[in-house]
Amino acid sequence: MGRFACDIYVVGAVQTNCYIYSDKESGECVIVDPGDDAGKLLAVIERKELKPAAILLTHGHFDHIMAVGEIKAAFDIPVYAAEDEREILGDARINLSAQMSSPVSLEADCQLKDGDTVKLLGQEVVCILTPGHTKGGMCYYFKKAGVLFSGDTLFQESVGRTDFPTGSMSTLIRSIREKLFVLPPAVQVYPGHGPMTSIENEKMYNLFAAE
């Protein structure tokens, strides 16, 4: 990635990938899916002297949002999420945090639609709505660096589960084929769980999303 660094921190009870994606020249960063362990993430940001610019949420499930409140309060930065995820983010029963005895509800500051572009870290970021895991699943494509944060839509040679509220396997597969597999093969994919992959690898080896 050259100028940009992507550090991965596995957080919470279900081993969720939180990413701190930063511009090594300016020190600016975004935090993708701060799912838990706020103290750990805040310590990393302080130690590396980073300057957070935004929190990006791929979707609203508890394991991707539990540390949002503390990080947002610490840096007074906006939270980005899909407009279609508003209900899930705001309802602790639907985002499953109530079942974890730590109910969380929140509202994104920036409500995104499919195809919206925002500028972060000096890059154009394309916001790709990929419903299926949840109805408001959102992937973030940093075009300059060729990086995609895919949340629980696309994993290495697998896909997200669809048995939670608003999930649909047929919709998920359509999202992957029509929205993600059209990206350049070299795009590096950073998923919500498990190891990173690439669009090329998934088109070749992902049996769930095979044509």
# chains A, B, ... in the order shown; residues from 1 in each chain; ligands from 1

$ residues_around --residues "Leu183 in chain A" --least-positions-apart "3" --cutoff "12 Å" --atoms "only C-alpha atoms" --output "number ranges by chain"
A: 126, 128, 139-143, 146-148, 176-180, 186-189, 198-200, 202-203

$ select_by_dssp --residues "range 3-119 of chain A" --states "strand (DSSP E or B)" --output "PyMOL selection string"
chain A and resi 4-11+16-23+28-32+51-56+79-82+110-112+117-119

$ residues_around --residues "Asp33 in chain A" --least-positions-apart "4" --cutoff "6 Å" --atoms "only C-alpha atoms" --output "ChimeraX atom specification"
/A:18,57,64

$ closest_residue --among "A:Ala67, A:Val30, A:Ala92, A:Leu120" --to "Leu50 in chain A" --atoms "only C-alpha atoms"
A:Val30

$ closest_residue --among "A:Arg3, A:Pro34, A:Ser105, A:Gly194" --to "Gln15 in chain A" --atoms "only C-alpha atoms"
A:Gly194

$ closest_residue --among "A:Glu28, A:Glu70, A:Asp116, A:Asp37" --to "Pro52 in chain A" --atoms "only C-alpha atoms"
A:Glu28

$ atom_distance --atom1 "CA of Thr134 in chain A" --atom2 "CA of Met204 in chain A"
25.0 Å

$ closest_residue --among "A:His193, A:Lys72, A:Lys113, A:His61" --to "Tyr19 in chain A" --atoms "only C-alpha atoms"
A:His193

$ closest_residue --among "A:Ala38, A:Ile65, A:Ile71, A:Ala53" --to "Val104 in chain A" --atoms "only C-alpha atoms"
A:Ile65

$ select_by_dssp --residues "range 1-209 of chain A" --states "alpha helix (DSSP H)" --output "tab-separated table (two decimals) with N, CA and C atoms, in the first residue's frame"
chain	number	residue	atom	x	y	z
A	38	ALA	N	-12.31	-1.00	23.46
A	38	ALA	CA	-12.05	0.41	23.17
A	38	ALA	C	-10.72	0.87	23.76
A	39	GLY	N	-10.42	0.44	24.99
A	39	GLY	CA	-9.18	0.85	25.62
A	39	GLY	C	-7.95	0.44	24.83
A	40	LYS	N	-7.98	-0.76	24.31
A	40	LYS	CA	-6.87	-1.27	23.50
A	40	LYS	C	-6.70	-0.42	22.24
A	41	LEU	N	-7.81	-0.11	21.58
A	41	LEU	CA	-7.75	0.66	20.34
A	41	LEU	C	-7.29	2.09	20.61
A	42	LEU	N	-7.80	2.69	21.67
A	42	LEU	CA	-7.39	4.05	22.01
A	42	LEU	C	-5.90	4.11	22.35
A	43	ALA	N	-5.40	3.09	23.03
A	43	ALA	CA	-3.98	3.05	23.37
A	43	ALA	C	-3.12	2.96	22.11
A	44	VAL	N	-3.56	2.17	21.14
A	44	VAL	CA	-2.81	2.05	19.88
A	44	VAL	C	-2.76	3.39	19.16
A	45	ILE	N	-3.90	4.05	19.08
A	45	ILE	CA	-3.97	5.34	18.39
A	45	ILE	C	-3.06	6.36	19.07
A	46	GLU	N	-3.06	6.36	20.40
A	46	GLU	CA	-2.21	7.30	21.14
A	46	GLU	C	-0.74	6.96	20.96
A	47	ARG	N	-0.41	5.69	21.04
A	47	ARG	CA	0.99	5.29	20.93
A	47	ARG	C	1.56	5.61	19.55
A	68	VAL	N	-17.74	1.85	19.52
A	68	VAL	CA	-17.97	3.09	18.76
A	68	VAL	C	-18.13	4.29	19.68
A	69	GLY	N	-18.95	4.16	20.71
A	69	GLY	CA	-19.25	5.30	21.57
A	69	GLY	C	-18.01	5.90	22.20
A	70	GLU	N	-17.14	5.06	22.75
A	70	GLU	CA	-15.94	5.57	23.42
A	70	GLU	C	-14.97	6.22	22.44
A	71	ILE	N	-14.82	5.62	21.27
A	71	ILE	CA	-13.87	6.18	20.31
A	71	ILE	C	-14.40	7.48	19.72
A	72	LYS	N	-15.68	7.51	19.43
A	72	LYS	CA	-16.28	8.74	18.92
A	72	LYS	C	-16.14	9.88	19.95
A	73	ALA	N	-16.41	9.57	21.20
A	73	ALA	CA	-16.32	10.59	22.24
A	73	ALA	C	-14.89	11.08	22.45
A	74	ALA	N	-13.93	10.17	22.31
A	74	ALA	CA	-12.53	10.53	22.55
A	74	ALA	C	-12.00	11.50	21.51
A	75	PHE	N	-12.47	11.37	20.28
A	75	PHE	CA	-11.90	12.17	19.20
A	75	PHE	C	-12.91	13.09	18.51
A	86	ARG	N	-29.88	1.87	9.50
A	86	ARG	CA	-30.30	2.72	10.62
A	86	ARG	C	-31.07	1.93	11.67
A	87	GLU	N	-32.02	1.10	11.25
A	87	GLU	CA	-32.83	0.36	12.21
A	87	GLU	C	-31.99	-0.62	13.02
A	88	ILE	N	-31.08	-1.31	12.37
A	88	ILE	CA	-30.25	-2.29	13.06
A	88	ILE	C	-29.32	-1.60	14.06
A	89	LEU	N	-28.71	-0.51	13.66
A	89	LEU	CA	-27.83	0.22	14.57
A	89	LEU	C	-28.59	0.74	15.79
A	90	GLY	N	-29.82	1.14	15.58
A	90	GLY	CA	-30.59	1.77	16.64
A	90	GLY	C	-31.35	0.85	17.56
A	169	MET	N	-29.48	-15.05	1.82
A	169	MET	CA	-28.36	-15.63	1.10
A	169	MET	C	-28.39	-15.27	-0.39
A	170	SER	N	-29.55	-15.34	-1.01
A	170	SER	CA	-29.62	-15.01	-2.43
A	170	SER	C	-29.22	-13.56	-2.67
A	171	THR	N	-29.64	-12.67	-1.78
A	171	THR	CA	-29.27	-11.25	-1.91
A	171	THR	C	-27.78	-11.06	-1.69
A	172	LEU	N	-27.22	-11.77	-0.73
A	172	LEU	CA	-25.79	-11.67	-0.45
A	172	LEU	C	-24.96	-12.10	-1.65
A	173	ILE	N	-25.30	-13.23	-2.23
A	173	ILE	CA	-24.55	-13.73	-3.39
A	173	ILE	C	-24.66	-12.77	-4.55
A	174	ARG	N	-25.84	-12.21	-4.77
A	174	ARG	CA	-26.01	-11.23	-5.84
A	174	ARG	C	-25.16	-9.99	-5.58
A	175	SER	N	-25.11	-9.55	-4.33
A	175	SER	CA	-24.28	-8.39	-3.99
A	175	SER	C	-22.81	-8.65	-4.32
A	199	ILE	N	-9.84	-9.84	-4.57
A	199	ILE	CA	-10.95	-10.09	-5.49
A	199	ILE	C	-10.60	-11.23	-6.44
A	200	GLU	N	-9.38	-11.25	-6.92
A	200	GLU	CA	-8.95	-12.31	-7.83
A	200	GLU	C	-9.08	-13.68	-7.17
A	201	ASN	N	-8.60	-13.80	-5.95
A	201	ASN	CA	-8.67	-15.09	-5.26
A	201	ASN	C	-10.10	-15.54	-5.07
A	202	GLU	N	-10.98	-14.61	-4.70
A	202	GLU	CA	-12.37	-14.99	-4.43
A	202	GLU	C	-13.10	-15.37	-5.71
A	203	LYS	N	-12.81	-14.73	-6.80
A	203	LYS	CA	-13.44	-15.11	-8.06
A	203	LYS	C	-13.01	-16.50	-8.50
A	204	MET	N	-11.79	-16.89	-8.10
A	204	MET	CA	-11.27	-18.19	-8.50
A	204	MET	C	-11.70	-19.30	-7.55
A	205	TYR	N	-11.73	-19.02	-6.24
A	205	TYR	CA	-11.83	-20.10	-5.26
A	205	TYR	C	-13.02	-20.03	-4.31

$ atom_distance --atom1 "CA of Gly122 in chain A" --atom2 "CA of Ile8 in chain A"
20.9 Å

$ atom_distance --atom1 "CA of Glu107 in chain A" --atom2 "CA of Ile55 in chain A"
12.1 Å

$ residues_around --residues "Ala108 in chain A" --least-positions-apart "6" --cutoff "7 Å" --atoms "only C-alpha atoms" --output "mmCIF file with all heavy atoms, in the first residue's frame"
data_model
loop_
_atom_site.group_PDB
_atom_site.id
_atom_site.type_symbol
_atom_site.label_atom_id
_atom_site.label_comp_id
_atom_site.auth_asym_id
_atom_site.auth_seq_id
_atom_site.Cartn_x
_atom_site.Cartn_y
_atom_site.Cartn_z
ATOM 1 N N VAL A 79 -19.352 9.139 12.498
ATOM 2 C CA VAL A 79 -19.564 7.716 12.219
ATOM 3 C C VAL A 79 -20.273 7.592 10.876
ATOM 4 O O VAL A 79 -21.304 8.227 10.647
ATOM 5 C CB VAL A 79 -20.407 7.055 13.318
ATOM 6 C CG1 VAL A 79 -20.704 5.599 12.966
ATOM 7 C CG2 VAL A 79 -19.712 7.157 14.669
ATOM 8 N N TYR A 80 -19.706 6.780 9.992
ATOM 9 C CA TYR A 80 -20.286 6.529 8.675
ATOM 10 C C TYR A 80 -20.922 5.143 8.655
ATOM 11 O O TYR A 80 -20.320 4.170 9.115
ATOM 12 C CB TYR A 80 -19.212 6.569 7.589
ATOM 13 C CG TYR A 80 -18.630 7.925 7.291
ATOM 14 C CD1 TYR A 80 -17.740 8.540 8.182
ATOM 15 C CD2 TYR A 80 -18.938 8.592 6.111
ATOM 16 C CE1 TYR A 80 -17.190 9.779 7.903
ATOM 17 C CE2 TYR A 80 -18.386 9.833 5.817
ATOM 18 C CZ TYR A 80 -17.515 10.420 6.717
ATOM 19 O OH TYR A 80 -16.977 11.651 6.441
ATOM 20 N N ALA A 81 -22.112 5.037 8.085
ATOM 21 C CA ALA A 81 -22.780 3.740 7.897
ATOM 22 C C ALA A 81 -23.857 3.910 6.838
ATOM 23 O O ALA A 81 -24.255 5.039 6.499
ATOM 24 C CB ALA A 81 -23.390 3.237 9.203
#

$ closest_residue --among "A:Ala54, A:Ile31, A:Ile20, A:Leu96" --to "Pro165 in chain A" --atoms "only C-alpha atoms"
A:Leu96
